[in-house]
Structure formats: C-alpha cells, structure tokens
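Asks: The structure under discussion is supplied below as structure tokens; questions concerning it will follow.
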Amino acid sequence: MALDVGDRRVGVAVSDELGLTAQPVLTLVRTNRKQDMKSLGRLLRRFGCTEVVVGNPLYMSGDISPQALKAQAFAAWVREEFGLPVHLWDERLTTTEAHRHLHAAGRPGSEHREVVDQVAAVLILDGFLAARRARQAEPQLRTGEP
C-alpha cells in the first residue's frame with residue numbers, strides 16, 4: 001500500500017499480489033491520529049497489505065521539507081501502530097505529475113481535488129515497485145543468468 005500524506009487528506013493506492021501494478025483505492029479525509037490509524041487499519045486488513053510506502057516530499061535540493069517531517073511522523077505512527085515495514089519514498093513532484101495526468105485524461109481542474117491524492121499515491125507506488133524490480137534484476141544482469 002502507498003500513501004500520499006497531506007495535512008487534510010491521504011491518497012491510498014495498492015498493488016496487485018505480484019507487485020506489478022498500482023491501483024488507486026480512495027482518499028482518506030484526515031480527522032485525528034486515532035481515527036486516521038483506525039481507517040488505515042481497516043484498509044490494510046481489507047487488502048491484505050504486508051508493507052507500506054509513504055511519500056516523502058523532499059525539497060528539490062533533497063533537503064527535508066516541513067511537509068516531509070509530517071510525512072515521516074505519519075510513517076512512524078503507521079510502523080508503531082501496525083508493526084509493518086514502512087518505506088519512505090521520494091515523491092518530489094508527484095502531485096504536479098498527478099495533475100498533469102488528470103488534465104491529459106480530460107478531467108477538469110475542479111475534479112482534480114477529488115482524485116489527485118489517489119493518483120499521487122499510485123505514482124509513488126509505481127516508482128517504488130519499479131525500483132524494487134530493478135534491484136531484483138541487478139544480480140541477474142551481472143551474472144548473465146535468466
């Protein structure tokens with residue numbers, strides 16, 4: 001499961017069992033930590049998730065932004081609450097890219113708020129899964145084994 005964590009909303013995406021594709025699930029409206037974790041727990045159980053990827057919105061320079069600190073705190077809460085592996089994933093420009101995808105799909109700007117967090121979560125998960133597949137393929141490339 002991937003999360004695009006914002007102050008008011010959390011975009012949620014999940015992958016298939018093979019970790020090949022990412023699909024949007026929903027956007028959680030945040031209320032408080034307890035309720036946020038309760039809602040997230042229901043989704044983790046529903047989709048049988050065994051690890052979580054949280055978008056880490058760093059500055060373009062790579063420095064930690066105030067929003068990245070909030071996302072990192074959220075990631076720590078998820079790790080503490082559910083005991084699952086939680087990965088921080090550099091998500092610079094995913095929201096901008098999500099808006100571009102929605103615009104290209106013919107969605108008016110007024111509709112973007114409804115789904116932009118979900119699309120950003122999909123982009124976060126796609127990037128994470130692609131990097132994981134590339135790391136797994138590296139030993140085969142070096143040895144020439146199939």
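Residues in the structure tokens are numbered from 1 in each chain, the chains being A, B, ... in the order shown, and ligands are numbered from 1 in the order shown.
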Among region 16-128 of chain A, which ones does DSSP place in strand (DSSP E), written as a list in words?
Replies: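 Strand (DSSP E) assignments inside region 16-128 of chain A correspond to Ala22, Gln23, Pro24, Val25, Leu26, Thr27, Leu28, Val29, Val52, Val53, Val54, Gly55, Asn56, Val86, His87, Leu88, Trp89 and Asp90 of chain A.
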Asks: Quick one: residues within 8 Å of Trp89 (chain A), only C-alpha atoms, excluding same-chain residues fewer than 4 positions away - as a PyMOL selection string?
Replies: chain A and resi 53-56+124+128
Asks: Compare A:Val52, A:Val29, A:Met37, A:Leu43 by their minimum atom-to-atom distance to Ala121 (chain A), counting only C-alpha atoms, and give me the closest one.
Replies: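 Residue with the minimum atom-to-atom distance to Ala121 (chain A): A:Val52.
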Asks: Please report the interatomic distance between CA of Arg45 (chain A) and CA of Asp16 (chain A) in Å with one decimal.
Replies: 14.6 Å
Asks: Excluding Tyr59 (chain A) and its own-chain neighbours fewer than 4 positions away, which residues fall within 12 Å of it when counting only C-alpha atoms? Please give them as JSON, numbers by chain.
Replies: {"A": [63, 64, 65, 66, 67, 68, 69, 90, 91, 92, 93]}
Asks: Just the selected residues (C-alpha atoms), exported as an mmCIF file, in the first residue's frame, please.
Replies:
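Writing done, so here's selection23.cif:
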```
data_model
loop_
_atom_site.group_PDB
_atom_site.id
_atom_site.type_symbol
_atom_site.label_atom_id
_atom_site.label_comp_id
_atom_site.auth_asym_id
_atom_site.auth_seq_id
_atom_site.Cartn_x
_atom_site.Cartn_y
_atom_site.Cartn_z
ATOM 1 C CA ASP A 63 16.633 18.692 1.927
ATOM 2 C CA ILE A 64 13.820 17.761 4.287
ATOM 3 C CA SER A 65 10.764 19.993 3.934
ATOM 4 C CA PRO A 66 8.275 20.737 6.727
ATOM 5 C CA GLN A 67 5.757 18.501 4.907
ATOM 6 C CA ALA A 68 8.378 15.723 4.747
ATOM 7 C CA LEU A 69 8.720 15.902 8.531
ATOM 8 C CA ASP A 90 10.997 10.358 -2.541
ATOM 9 C CA GLU A 91 7.847 11.830 -4.036
ATOM 10 C CA ARG A 92 9.065 15.155 -5.361
ATOM 11 C CA LEU A 93 6.666 16.489 -7.996
#
```
Asks: Using DSSP on the backbone, list every residue of region 13-129 of chain A that comes out as alpha helix (DSSP H), and give them as a ChimeraX atom specification.
Replies: /A:33-47,66-82,94-104,109-129
Asks: Which residue out of A:Ala104, A:Lys38, A:Asp126, A:Met1 has the minimum interatomic distance to Val86 (chain A) when only C-alpha atoms are used?
Replies: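 Once distances to Val86 (chain A) are computed over only C-alpha atoms, the minimum belongs to A:Met1.
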Asks: Show me, as a PyMOL selection string, the residues that have an atom within 9 Å of Ser15 (chain A) when counting only C-alpha atoms, minus same-chain residues fewer than 2 positions from it.
Replies: chain A and resi 1-2+13+17-24+49+122+125-126+129
Asks: Of the candidates A:Val116, A:Gly83, A:Phe74, A:Gln35, which one gets nearest to Glu51 (chain A) if we count only C-alpha atoms?
Replies: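 So, comparing all the options, the nearest one is A:Gly83.
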